[in-house]
$ cat model-v8.cif   # mmCIF, C-alpha atoms and all ligand atoms
data_model
#
loop_
_atom_site.label_atom_id
_atom_site.label_comp_id
_atom_site.auth_asym_id
_atom_site.auth_seq_id
_atom_site.Cartn_x
_atom_site.Cartn_y
_atom_site.Cartn_z
CA MET A 1 -62.07 7.07 -13.92
CA GLY A 2 -60.62 4.19 -15.91
CA CYS A 3 -58.16 3.33 -18.65
CA ILE A 4 -59.56 4.30 -22.05
CA VAL A 5 -58.13 1.13 -23.57
CA CYS A 6 -58.82 -1.66 -21.10
CA GLY A 7 -61.25 0.11 -18.76
CA LYS A 8 -59.25 -0.84 -15.69
CA GLU A 9 -59.50 1.44 -12.68
CA SER A 10 -56.75 4.06 -12.94
CA LYS A 11 -56.27 7.73 -12.08
CA TYR A 12 -54.65 8.16 -15.49
CA LYS A 13 -56.42 8.29 -18.83
CA ILE A 14 -54.45 5.27 -19.90
CA CYS A 15 -52.95 2.70 -17.57
CA GLY A 16 -49.22 2.00 -17.49
CA LYS A 17 -49.58 -1.42 -19.03
CA CYS A 18 -51.63 -0.24 -22.02
CA PHE A 19 -49.37 2.78 -22.49
CA SER A 20 -46.20 0.67 -22.49
CA GLU A 21 -47.69 -1.69 -25.07
CA ARG A 22 -48.46 1.19 -27.44
CA ASN A 23 -45.42 3.43 -26.97
CA SER A 24 -41.73 2.80 -26.76
CA LEU A 25 -40.47 3.71 -23.32
CA ILE A 26 -36.81 3.22 -24.06
CA SER A 27 -34.39 3.40 -26.90
CA LEU A 28 -30.90 2.01 -26.80
CA GLN A 29 -28.35 2.44 -29.56
CA LYS A 30 -25.39 0.25 -30.21
CA PHE A 31 -22.37 1.38 -28.19
CA GLU A 32 -18.66 0.67 -27.92
CA LEU A 33 -16.65 -0.33 -24.87
CA GLU A 34 -12.92 0.15 -24.52
CA ILE A 35 -11.11 -2.45 -22.45
CA CYS A 36 -7.37 -2.66 -21.78
CA SER A 37 -5.95 -5.83 -23.24
CA ARG A 38 -3.18 -5.88 -20.65
CA CYS A 39 -4.73 -5.04 -17.28
CA GLY A 40 -8.42 -5.51 -18.11
CA ASN A 41 -9.44 -2.05 -16.89
CA VAL A 42 -12.44 -0.44 -18.56
CA LYS A 43 -12.76 3.11 -19.84
CA THR A 44 -15.61 4.93 -18.12
CA ARG A 45 -16.63 8.54 -17.58
CA LYS A 46 -14.48 8.46 -14.44
CA GLY A 47 -11.44 7.31 -16.37
CA TRP A 48 -9.91 3.85 -16.67
CA ILE A 49 -11.00 1.70 -13.75
CA LYS A 50 -11.13 -1.90 -12.60
CA LEU A 51 -14.64 -3.11 -13.32
CA ASP A 52 -16.06 -6.45 -14.39
CA LEU A 53 -17.54 -6.61 -17.84
CA LYS A 54 -21.16 -7.10 -16.76
CA LYS A 55 -20.99 -4.09 -14.43
CA ALA A 56 -19.29 -2.03 -17.13
CA ILE A 57 -22.05 -2.87 -19.63
CA GLU A 58 -24.80 -2.03 -17.12
CA GLU A 59 -23.21 1.31 -16.32
CA ARG A 60 -22.87 2.17 -19.98
CA VAL A 61 -26.44 1.14 -20.73
CA LEU A 62 -27.70 3.51 -18.05
CA GLU A 63 -25.64 6.29 -19.60
CA GLU A 64 -26.70 5.55 -23.17
CA VAL A 65 -30.35 4.64 -22.84
CA ARG A 66 -33.00 7.23 -23.73
CA VAL A 67 -36.01 6.89 -21.48
CA PHE A 68 -39.58 8.17 -21.81
CA PRO A 69 -39.73 10.89 -19.10
CA ASP A 70 -42.57 9.31 -17.08
CA PHE A 71 -40.92 5.89 -16.94
CA ASN A 72 -38.85 5.39 -13.78
CA ILE A 73 -36.33 2.59 -14.26
CA GLU A 74 -35.79 0.58 -11.10
CA LYS A 75 -33.82 -2.39 -12.35
CA ILE A 76 -32.01 -3.60 -15.42
CA GLU A 77 -31.19 -7.20 -16.25
CA ILE A 78 -29.05 -8.54 -19.03
CA ALA A 79 -30.08 -11.84 -20.61
CA GLY A 80 -27.95 -12.71 -23.58
CA ASN A 81 -28.51 -10.14 -26.33
CA THR A 82 -31.50 -8.63 -24.63
CA ILE A 83 -31.74 -6.16 -21.83
CA LEU A 84 -34.78 -5.93 -19.61
CA PHE A 85 -35.80 -2.65 -17.96
CA SER A 86 -38.23 -2.87 -15.06
CA GLY A 87 -39.81 0.17 -13.53
CA GLU A 88 -42.92 2.20 -12.88
CA ILE A 89 -45.17 4.23 -15.16
CA TYR A 90 -48.65 5.63 -14.47
CA GLY A 91 -49.03 3.70 -11.27
CA GLU A 92 -48.04 0.31 -12.65
CA ASN A 93 -44.93 -1.81 -12.72
CA VAL A 94 -43.91 -2.74 -16.21
CA SER A 95 -40.99 -4.45 -17.87
CA VAL A 96 -39.79 -3.64 -21.35
CA SER A 97 -36.94 -5.16 -23.27
CA ALA A 98 -34.52 -3.87 -25.86
CA PRO A 99 -31.85 -5.52 -27.94
CA LEU A 100 -28.41 -5.17 -26.44
CA SER A 101 -25.74 -4.46 -28.98
CA TYR A 102 -22.21 -3.37 -28.26
CA LYS A 103 -18.69 -3.78 -29.54
CA ILE A 104 -15.58 -4.26 -27.42
CA HIS A 105 -12.32 -2.61 -28.43
CA ARG A 106 -9.27 -4.08 -26.81
CA ILE A 107 -6.55 -1.46 -26.60
CA ALA A 108 -3.76 -0.59 -24.15
CA CYS A 109 -4.87 1.87 -21.45
CA PRO A 110 -2.63 4.90 -20.82
CA ARG A 111 -1.16 3.28 -17.70
CA CYS A 112 -0.17 0.12 -19.57
CA SER A 113 1.14 2.06 -22.57
CA ARG A 114 3.47 4.03 -20.32
CA GLU A 115 4.50 0.92 -18.47
CA SER A 116 5.34 -0.98 -21.65
CA GLY A 117 7.28 2.05 -22.83
CA GLY A 118 9.55 1.80 -19.77
CA TYR A 119 8.36 5.12 -18.38
CA TYR A 120 9.28 6.05 -14.82
CA GLU A 121 9.58 9.19 -12.71
CA ALA A 122 10.86 7.86 -9.40
CA ILE A 123 13.31 5.32 -8.05
CA VAL A 124 13.01 4.26 -4.43
CA GLN A 125 16.17 2.69 -3.06
CA ILE A 126 15.80 0.85 0.22
CA ARG A 127 18.91 0.15 2.23
CA ALA A 128 19.70 -0.64 5.85
CA LYS A 129 22.67 0.96 7.58
CA GLY A 130 25.49 -1.51 8.15
CA ARG A 131 23.49 -4.64 7.26
CA GLY A 132 21.40 -6.24 4.53
CA LEU A 133 17.60 -6.24 4.51
CA ARG A 134 15.93 -8.95 6.57
CA GLU A 135 13.43 -11.37 4.97
CA GLU A 136 10.66 -9.99 7.17
CA GLU A 137 11.47 -6.46 6.04
CA ILE A 138 11.45 -7.48 2.37
CA ARG A 139 8.05 -9.11 2.84
CA ILE A 140 6.63 -5.94 4.45
CA ILE A 141 8.18 -3.69 1.79
CA ASN A 142 6.63 -5.71 -1.05
CA LYS A 143 3.27 -5.63 0.68
CA ILE A 144 3.43 -1.84 1.05
CA ALA A 145 4.29 -1.47 -2.66
CA GLN A 146 1.33 -3.58 -3.64
CA GLU A 147 -1.07 -1.65 -1.40
CA VAL A 148 0.16 1.74 -2.54
CA VAL A 149 -0.34 0.83 -6.21
CA GLU A 150 -3.71 -0.84 -5.68
CA LEU A 151 -5.10 2.20 -3.88
CA THR A 152 -4.60 4.48 -6.88
CA SER A 153 -5.70 4.37 -10.48
CA GLY A 154 -3.70 7.19 -12.02
CA GLU A 155 -2.29 6.34 -15.40
CA LYS A 156 1.25 6.65 -14.05
CA ASP A 157 0.67 4.75 -10.82
CA PHE A 158 2.49 1.51 -11.52
CA VAL A 159 5.67 -0.26 -10.50
CA LEU A 160 7.79 -0.56 -13.60
CA LYS A 161 10.28 -2.95 -12.07
CA ILE A 162 11.85 -4.12 -8.83
CA GLU A 163 15.54 -4.84 -8.65
CA GLU A 164 16.98 -6.95 -5.87
CA LYS A 165 20.52 -5.92 -5.10
CA GLU A 166 23.01 -7.13 -2.58
CA SER A 167 22.68 -3.81 -0.78
CA GLY A 168 18.88 -3.71 -0.82
CA LEU A 169 15.88 -3.14 -3.10
CA ASP A 170 15.26 -0.67 -5.94
CA PHE A 171 11.69 0.12 -7.01
CA TYR A 172 10.94 2.04 -10.23
CA PHE A 173 7.61 3.88 -10.15
CA GLY A 174 5.70 5.49 -13.01
CA SER A 175 4.79 8.53 -10.95
CA LYS A 176 6.75 10.70 -8.56
CA LYS A 177 3.72 10.88 -6.29
CA ILE A 178 3.58 7.16 -5.74
CA GLY A 179 7.33 6.89 -5.23
CA GLU A 180 7.13 9.56 -2.56
CA LYS A 181 4.17 7.94 -0.83
CA PHE A 182 5.79 4.50 -0.88
CA SER A 183 9.13 5.71 0.51
CA ARG A 184 7.45 7.57 3.37
CA LYS A 185 5.35 4.54 4.26
CA VAL A 186 8.34 2.20 4.30
CA ALA A 187 10.34 4.60 6.49
CA ASN A 188 7.40 4.99 8.88
CA GLU A 189 6.62 1.33 9.16
CA LEU A 190 10.15 -0.04 9.42
CA GLY A 191 11.91 2.88 11.08
CA GLY A 192 14.19 4.95 8.92
CA SER A 193 14.74 8.18 7.07
CA VAL A 194 14.13 9.32 3.48
CA LEU A 195 16.58 11.37 1.44
CA THR A 196 15.20 12.88 -1.77
CA THR A 197 17.31 13.90 -4.73
CA ARG A 198 16.27 14.89 -8.23
CA LYS A 199 17.97 14.92 -11.56
CA LEU A 200 16.98 16.75 -14.72
CA HIS A 201 15.75 14.05 -17.04
CA THR A 202 14.46 15.85 -20.09
CA ARG A 203 12.59 18.92 -21.29
CA ILE A 204 9.03 18.69 -22.57
CA ASP A 205 7.43 21.78 -24.17
CA GLY A 206 10.04 24.01 -22.57
CA ARG A 207 9.39 22.52 -19.14
CA ASP A 208 12.06 20.73 -17.11
CA VAL A 209 11.17 17.15 -16.28
CA TYR A 210 12.92 15.59 -13.31
CA ARG A 211 13.49 12.09 -12.13
CA PHE A 212 13.38 11.63 -8.38
CA THR A 213 15.36 9.25 -6.22
CA TYR A 214 14.16 8.47 -2.73
CA LEU A 215 16.79 6.81 -0.60
CA VAL A 216 15.18 5.06 2.36
CA ARG A 217 17.72 4.27 5.05
CA LEU A 218 16.46 1.75 7.57
CA SER A 219 18.15 1.92 10.91
CA GLU A 220 21.00 -0.44 11.64
CA ALA A 221 19.72 -1.33 15.08
CA GLU A 222 17.46 -4.34 15.50
CA GLU A 223 15.66 -5.65 18.59
CA SER A 224 18.12 -6.69 21.37
CA ASP A 225 21.11 -4.99 19.75
CA VAL A 226 23.13 -2.74 22.05
CA VAL A 227 23.74 0.85 20.97
CA LEU A 228 25.33 4.00 22.34
CA LYS A 229 23.12 7.07 22.54
CA ASP A 230 24.35 10.32 24.14
CA GLY A 231 27.04 8.35 26.02
CA LYS A 232 24.46 5.89 27.41
CA ILE A 233 24.41 2.17 26.66
CA CYS A 234 20.97 1.05 25.52
CA VAL A 235 19.30 -2.19 24.47
CA VAL A 236 17.02 -1.78 21.43
CA LYS A 237 13.46 -2.70 22.35
CA ASN A 238 11.60 -1.48 19.27
CA ALA A 239 13.61 -0.81 16.12
CA ARG A 240 10.62 0.58 14.22
CA LEU A 241 9.83 3.20 16.85
CA GLN A 242 13.53 3.66 17.67
CA LYS A 243 12.96 2.89 21.35
CA GLY A 244 15.48 1.44 23.75
CA ILE A 245 16.21 0.93 27.43
CA GLU A 246 19.33 2.14 29.17
CA ILE A 247 20.88 -0.99 30.63
CA LEU A 248 22.02 0.52 33.95
CA SER A 249 19.00 2.65 34.90
CA GLY A 250 16.21 0.89 32.97
CA LYS A 251 15.15 4.26 31.61
CA SER A 252 13.31 4.38 28.28
CA MET A 253 15.35 6.13 25.57
CA ASN A 254 14.95 7.34 22.03
CA ILE A 255 17.79 5.71 20.10
CA GLU A 256 17.71 7.68 16.84
CA ASP A 257 21.18 8.38 15.45
CA SER A 258 22.78 6.03 17.93
CA LYS A 259 26.04 4.13 17.41
CA MET A 260 26.11 0.33 17.21
CA ILE A 261 28.04 -1.35 20.03
CA ALA A 262 27.06 -5.03 19.76
CA LYS A 263 24.75 -6.98 17.49
CA ARG A 264 22.45 -9.40 19.28
CA ASP A 265 23.97 -12.43 17.55
CA SER A 266 27.50 -11.56 18.63
CA MET A 267 26.78 -11.47 22.37
CA ALA A 268 27.67 -14.26 24.81
CA TRP A 269 25.19 -15.90 27.14
CA GLY A 270 25.68 -15.95 30.91
CA ILE A 271 24.06 -16.04 34.32
CA ILE A 272 24.28 -13.73 37.36
CA THR A 273 26.06 -15.54 40.17
CA ASN A 274 26.58 -12.76 42.70
CA LEU A 275 25.47 -9.18 43.35
CA ASP A 276 26.32 -6.16 45.46
CA GLU A 277 25.14 -2.57 45.32
CA HIS A 278 27.11 -1.61 42.22
CA VAL A 279 28.59 -4.74 40.74
CA ALA A 280 27.24 -8.01 39.39
CA GLU A 281 29.27 -11.15 38.96
CA VAL A 282 28.33 -13.14 35.88
CA MET A 283 29.45 -16.49 34.60
CA ASP A 284 29.47 -17.19 30.87
CA SER A 285 28.73 -20.52 29.20
CA SER A 286 32.34 -21.64 29.41
CA GLY A 287 32.51 -20.99 33.15
CA ARG A 288 34.51 -17.75 33.09
CA LEU A 289 33.57 -15.13 35.71
CA PHE A 290 33.28 -11.39 35.03
CA GLN A 291 32.62 -8.39 37.22
CA VAL A 292 30.22 -6.02 35.43
CA PRO A 293 28.39 -2.80 36.39
CA LYS A 294 25.12 -3.91 38.00
CA PRO A 295 22.48 -3.78 35.26
CA TYR A 296 18.83 -2.82 35.65
CA GLY A 297 16.78 -5.81 36.79
CA ALA A 298 19.76 -7.76 38.10
CA GLU A 299 18.94 -10.79 40.27
CA ILE A 300 21.02 -13.79 41.18
CA GLY A 301 20.23 -16.63 38.78
CA ARG A 302 18.93 -14.37 36.02
CA GLU A 303 20.12 -15.04 32.46
CA VAL A 304 22.12 -12.28 30.83
CA LEU A 305 23.72 -11.33 27.54
CA ILE A 306 27.37 -10.29 27.76
CA PHE A 307 29.26 -7.88 25.52
CA GLU A 308 32.40 -5.83 25.55
CA PHE A 309 32.63 -2.09 25.00
CA GLU A 310 35.80 0.03 25.22
CA ARG A 311 37.64 -2.90 26.81
CA LYS A 312 35.08 -3.26 29.60
CA VAL A 313 32.61 -6.12 30.00
CA TYR A 314 28.88 -5.42 30.43
CA ALA A 315 25.84 -7.61 30.85
CA PHE A 316 22.07 -7.12 30.96
CA PRO A 317 19.14 -9.48 31.62
CA LYS A 318 18.01 -11.26 28.44
CA ASP A 319 14.40 -10.32 29.08
CA ILE A 320 15.09 -6.77 30.28
ZN ZN A 401 -55.17 -0.18 -19.70
ZN ZN A 402 -4.08 -1.35 -18.83
#
$ encode --input "model-v8.cif" --output "structure tokens" --more "lines below"
Ligand SMILES: [Zn+2]
Ligand SMILES: [Zn+2]
Amino acid sequence: MGCIVCGKESKYKICGKCFSERNSLISLQKFELEICSRCGNVKTRKGWIKLDLKKAIEERVLEEVRVFPDFNIEKIEIAGNTILFSGEIYGENVSVSAPLSYKIHRIACPRCSRESGGYYEAIVQIRAKGRGLREEEIRIINKIAQEVVELTSGEKDFVLKIEEKESGLDFYFGSKKIGEKFSRKVANELGGSVLTTRKLHTRIDGRDVYRFTYLVRLSEAEESDVVLKDGKICVVKNARLQKGIEILSGKSMNIEDSKMIAKRDSMAWGIITNLDEHVAEVMDSSGRLFQVPKPYGAEIGREVLIFEFERKVYAFPKDI
């Protein structure tokens, strides 16, 4: 059997090439695209998403194009004002083109409209007990905020503003959900607790609308600080995980809800000069000698940090 037009060998009455020359396989109408003039997101069937223009046009073309049922599109290519469809029909690969015509509307997406309207549902306040936030902590906190927002595309998932205060940082979030997620992540990563409070903000259609405040309290203790936990004196080894070491026994301790005894920067430096079973003699940098309870890891010649607690002097190896 052959093609009735060109006579070429084919199992169809008419070959794909001859058919595509005599019939229109596709039809594409003019369409409109909505793009946010502020964030550049594009409106699609899945909502407003980040998408480059070319990809957005291709996706829309595939949604809008009407295709002859036997034509299987395999590839589309945009070249200026023309769009080329390549695919298979009646056993042959063919390419057909159509004019590409669309209009772009630049409007504000719902997320940006809310943002420009100053809308917010949650404030996250980040504070550290008994100290300011460290630079490193601020860097991590900002990174978490960025990640949390980038991972979502809800129309309320934005940071409205960030306020730097002497006591810490305040983040204003468009949605409660993102405020909650962010505060939990910060507390987990930096070691701290979250206290949630809500306040009636307004009523919409007879429904109460609340604003939420998440107070993230980072722990006071930092690495190498000395704290008191359950009557035991501990050196902080990991502030994030709230882990410490008891200075006399060397035992690992959880230091949550501990009391600060000495900050690392306030301690004096010294060296162990003598030892017996229970007592170590240490000399500080100005040559004064102290008798202290023998700390874990004590060895003559080892460097120590010295602090005072309840009018007694203690010391522990710097690299305990
Ligand atoms: Zn033919
Ligand atoms: Zn936008």
$ atom_distance --input "model-v8.cif" --atom1 "atom CA of Ser286 of chain A" --atom2 "atom CA of Val235 of chain A"
23.9 Å
$ residues_near_ligand --input "model-v8.cif" --ligand "ligand ZN 402 (chain A)" --cutoff "9 Å" --atoms "only C-alpha atoms and all ligand atoms" --output "list in words"
Ile35, Cys36, Ser37, Arg38, Cys39, Gly40, Asn41, Val42, Trp48, Ile107, Ala108, Cys109, Pro110, Arg111, Cys112, Ser113, Glu115 and Glu155 of chain A
$ residues_near_ligand --input "model-v8.cif" --ligand "ligand ZN 401 (chain A)" --cutoff "7 Å" --atoms "all atoms listed in the file" --output "list in words"
Cys3, Ile4, Val5, Cys6, Gly7, Lys8, Ile14, Cys15, Gly16, Lys17 and Cys18 of chain A
$ atom_distance --input "model-v8.cif" --atom1 "atom CA of Phe19 of chain A" --atom2 "atom CA of Gly91 of chain A"
11.3 Å
$ atom_distance --input "model-v8.cif" --atom1 "atom CA of Leu84 of chain A" --atom2 "atom CA of His105 of chain A"
24.4 Å
$ residues_around --input "model-v8.cif" --residues "Thr197 of chain A" --least-positions-apart "4" --cutoff "9 Å" --atoms "all atoms listed in the file" --output "ChimeraX atom specification"
/A:211-215
$ decode --input "model-v8.cif" --residues "segment 116-128 of chain A" --atoms "all heavy atoms" --output "PDB file, in the first residue's frame"
ATOM      1  N   SER A 116       2.711  45.203  49.957  1.00  0.00           N
ATOM      2  CA  SER A 116       2.751  46.665  49.828  1.00  0.00           C
ATOM      3  C   SER A 116       1.683  47.310  50.702  1.00  0.00           C
ATOM      4  O   SER A 116       1.775  48.482  51.042  1.00  0.00           O
ATOM      5  CB  SER A 116       2.592  47.074  48.370  1.00  0.00           C
ATOM      6  OG  SER A 116       1.327  46.678  47.906  1.00  0.00           O
ATOM      7  N   GLY A 117       0.682  46.525  51.080  1.00  0.00           N
ATOM      8  CA  GLY A 117      -0.356  47.046  51.961  1.00  0.00           C
ATOM      9  C   GLY A 117       0.036  46.961  53.433  1.00  0.00           C
ATOM     10  O   GLY A 117      -0.741  47.327  54.307  1.00  0.00           O
ATOM     11  N   GLY A 118       1.245  46.461  53.723  1.00  0.00           N
ATOM     12  CA  GLY A 118       1.713  46.386  55.108  1.00  0.00           C
ATOM     13  C   GLY A 118       1.061  45.262  55.904  1.00  0.00           C
ATOM     14  O   GLY A 118       1.018  45.286  57.129  1.00  0.00           O
ATOM     15  N   TYR A 119       0.574  44.252  55.199  1.00  0.00           N
ATOM     16  CA  TYR A 119      -0.139  43.162  55.868  1.00  0.00           C
ATOM     17  C   TYR A 119       0.821  42.235  56.610  1.00  0.00           C
ATOM     18  O   TYR A 119       1.874  41.874  56.095  1.00  0.00           O
ATOM     19  CB  TYR A 119      -0.879  42.363  54.792  1.00  0.00           C
ATOM     20  CG  TYR A 119      -1.676  41.206  55.320  1.00  0.00           C
ATOM     21  CD1 TYR A 119      -3.022  41.351  55.629  1.00  0.00           C
ATOM     22  CD2 TYR A 119      -1.084  39.950  55.494  1.00  0.00           C
ATOM     23  CE1 TYR A 119      -3.755  40.287  56.105  1.00  0.00           C
ATOM     24  CE2 TYR A 119      -1.813  38.872  55.982  1.00  0.00           C
ATOM     25  CZ  TYR A 119      -3.142  39.051  56.277  1.00  0.00           C
ATOM     26  OH  TYR A 119      -3.867  37.994  56.744  1.00  0.00           O
ATOM     27  N   TYR A 120       0.497  41.872  57.829  1.00  0.00           N
ATOM     28  CA  TYR A 120       1.260  40.828  58.511  1.00  0.00           C
ATOM     29  C   TYR A 120       0.410  40.111  59.549  1.00  0.00           C
ATOM     30  O   TYR A 120      -0.539  40.673  60.071  1.00  0.00           O
ATOM     31  CB  TYR A 120       2.539  41.382  59.145  1.00  0.00           C
ATOM     32  CG  TYR A 120       2.338  42.294  60.334  1.00  0.00           C
ATOM     33  CD1 TYR A 120       2.349  41.789  61.631  1.00  0.00           C
ATOM     34  CD2 TYR A 120       2.142  43.653  60.162  1.00  0.00           C
ATOM     35  CE1 TYR A 120       2.165  42.618  62.723  1.00  0.00           C
ATOM     36  CE2 TYR A 120       1.954  44.493  61.249  1.00  0.00           C
ATOM     37  CZ  TYR A 120       1.965  43.969  62.523  1.00  0.00           C
ATOM     38  OH  TYR A 120       1.773  44.780  63.595  1.00  0.00           O
ATOM     39  N   GLU A 121       0.747  38.849  59.784  1.00  0.00           N
ATOM     40  CA  GLU A 121       0.011  38.041  60.761  1.00  0.00           C
ATOM     41  C   GLU A 121       0.879  37.639  61.949  1.00  0.00           C
ATOM     42  O   GLU A 121       0.364  37.234  62.973  1.00  0.00           O
ATOM     43  CB  GLU A 121      -0.511  36.754  60.102  1.00  0.00           C
ATOM     44  CG  GLU A 121      -1.617  36.980  59.096  1.00  0.00           C
ATOM     45  CD  GLU A 121      -2.070  35.689  58.426  1.00  0.00           C
ATOM     46  OE1 GLU A 121      -1.495  34.623  58.706  1.00  0.00           O
ATOM     47  OE2 GLU A 121      -2.999  35.771  57.600  1.00  0.00           O
ATOM     48  N   ALA A 122       2.197  37.697  61.758  1.00  0.00           N
ATOM     49  CA  ALA A 122       3.071  37.194  62.825  1.00  0.00           C
ATOM     50  C   ALA A 122       4.305  38.061  63.012  1.00  0.00           C
ATOM     51  O   ALA A 122       4.896  38.542  62.047  1.00  0.00           O
ATOM     52  CB  ALA A 122       3.502  35.766  62.505  1.00  0.00           C
ATOM     53  N   ILE A 123       4.671  38.258  64.263  1.00  0.00           N
ATOM     54  CA  ILE A 123       5.949  38.903  64.585  1.00  0.00           C
ATOM     55  C   ILE A 123       6.797  37.859  65.289  1.00  0.00           C
ATOM     56  O   ILE A 123       6.311  37.182  66.201  1.00  0.00           O
ATOM     57  CB  ILE A 123       5.772  40.090  65.559  1.00  0.00           C
ATOM     58  CG1 ILE A 123       4.730  41.073  65.034  1.00  0.00           C
ATOM     59  CG2 ILE A 123       7.098  40.801  65.788  1.00  0.00           C
ATOM     60  CD1 ILE A 123       4.410  42.183  66.025  1.00  0.00           C
ATOM     61  N   VAL A 124       8.040  37.718  64.859  1.00  0.00           N
ATOM     62  CA  VAL A 124       8.958  36.825  65.565  1.00  0.00           C
ATOM     63  C   VAL A 124      10.030  37.700  66.205  1.00  0.00           C
ATOM     64  O   VAL A 124      10.736  38.434  65.522  1.00  0.00           O
ATOM     65  CB  VAL A 124       9.602  35.800  64.612  1.00  0.00           C
ATOM     66  CG1 VAL A 124      10.564  34.901  65.385  1.00  0.00           C
ATOM     67  CG2 VAL A 124       8.525  34.965  63.924  1.00  0.00           C
ATOM     68  N   GLN A 125      10.073  37.653  67.534  1.00  0.00           N
ATOM     69  CA  GLN A 125      11.076  38.433  68.252  1.00  0.00           C
ATOM     70  C   GLN A 125      12.175  37.492  68.710  1.00  0.00           C
ATOM     71  O   GLN A 125      11.895  36.501  69.382  1.00  0.00           O
ATOM     72  CB  GLN A 125      10.445  39.096  69.476  1.00  0.00           C
ATOM     73  CG  GLN A 125       9.301  40.026  69.109  1.00  0.00           C
ATOM     74  CD  GLN A 125       8.635  40.628  70.321  1.00  0.00           C
ATOM     75  OE1 GLN A 125       8.357  39.928  71.300  1.00  0.00           O
ATOM     76  NE2 GLN A 125       8.363  41.917  70.267  1.00  0.00           N
ATOM     77  N   ILE A 126      13.403  37.805  68.359  1.00  0.00           N
ATOM     78  CA  ILE A 126      14.507  36.933  68.754  1.00  0.00           C
ATOM     79  C   ILE A 126      15.391  37.662  69.753  1.00  0.00           C
ATOM     80  O   ILE A 126      15.886  38.755  69.479  1.00  0.00           O
ATOM     81  CB  ILE A 126      15.312  36.488  67.524  1.00  0.00           C
ATOM     82  CG1 ILE A 126      14.356  35.801  66.538  1.00  0.00           C
ATOM     83  CG2 ILE A 126      16.418  35.522  67.943  1.00  0.00           C
ATOM     84  CD1 ILE A 126      14.960  35.496  65.213  1.00  0.00           C
ATOM     85  N   ARG A 127      15.527  37.065  70.901  1.00  0.00           N
ATOM     86  CA  ARG A 127      16.313  37.664  71.979  1.00  0.00           C
ATOM     87  C   ARG A 127      17.210  36.581  72.577  1.00  0.00           C
ATOM     88  O   ARG A 127      16.899  35.399  72.502  1.00  0.00           O
ATOM     89  CB  ARG A 127      15.395  38.171  73.107  1.00  0.00           C
ATOM     90  CG  ARG A 127      14.296  39.122  72.666  1.00  0.00           C
ATOM     91  CD  ARG A 127      14.852  40.494  72.318  1.00  0.00           C
ATOM     92  NE  ARG A 127      13.786  41.434  71.994  1.00  0.00           N
ATOM     93  CZ  ARG A 127      13.341  41.646  70.755  1.00  0.00           C
ATOM     94  NH1 ARG A 127      13.837  40.972  69.733  1.00  0.00           N
ATOM     95  NH2 ARG A 127      12.384  42.526  70.528  1.00  0.00           N
ATOM     96  N   ALA A 128      18.297  37.014  73.219  1.00  0.00           N
ATOM     97  CA  ALA A 128      19.123  36.065  73.960  1.00  0.00           C
ATOM     98  C   ALA A 128      19.079  36.477  75.421  1.00  0.00           C
ATOM     99  O   ALA A 128      19.109  37.661  75.734  1.00  0.00           O
ATOM    100  CB  ALA A 128      20.554  36.088  73.440  1.00  0.00           C
TER     101      ALA A 128
END
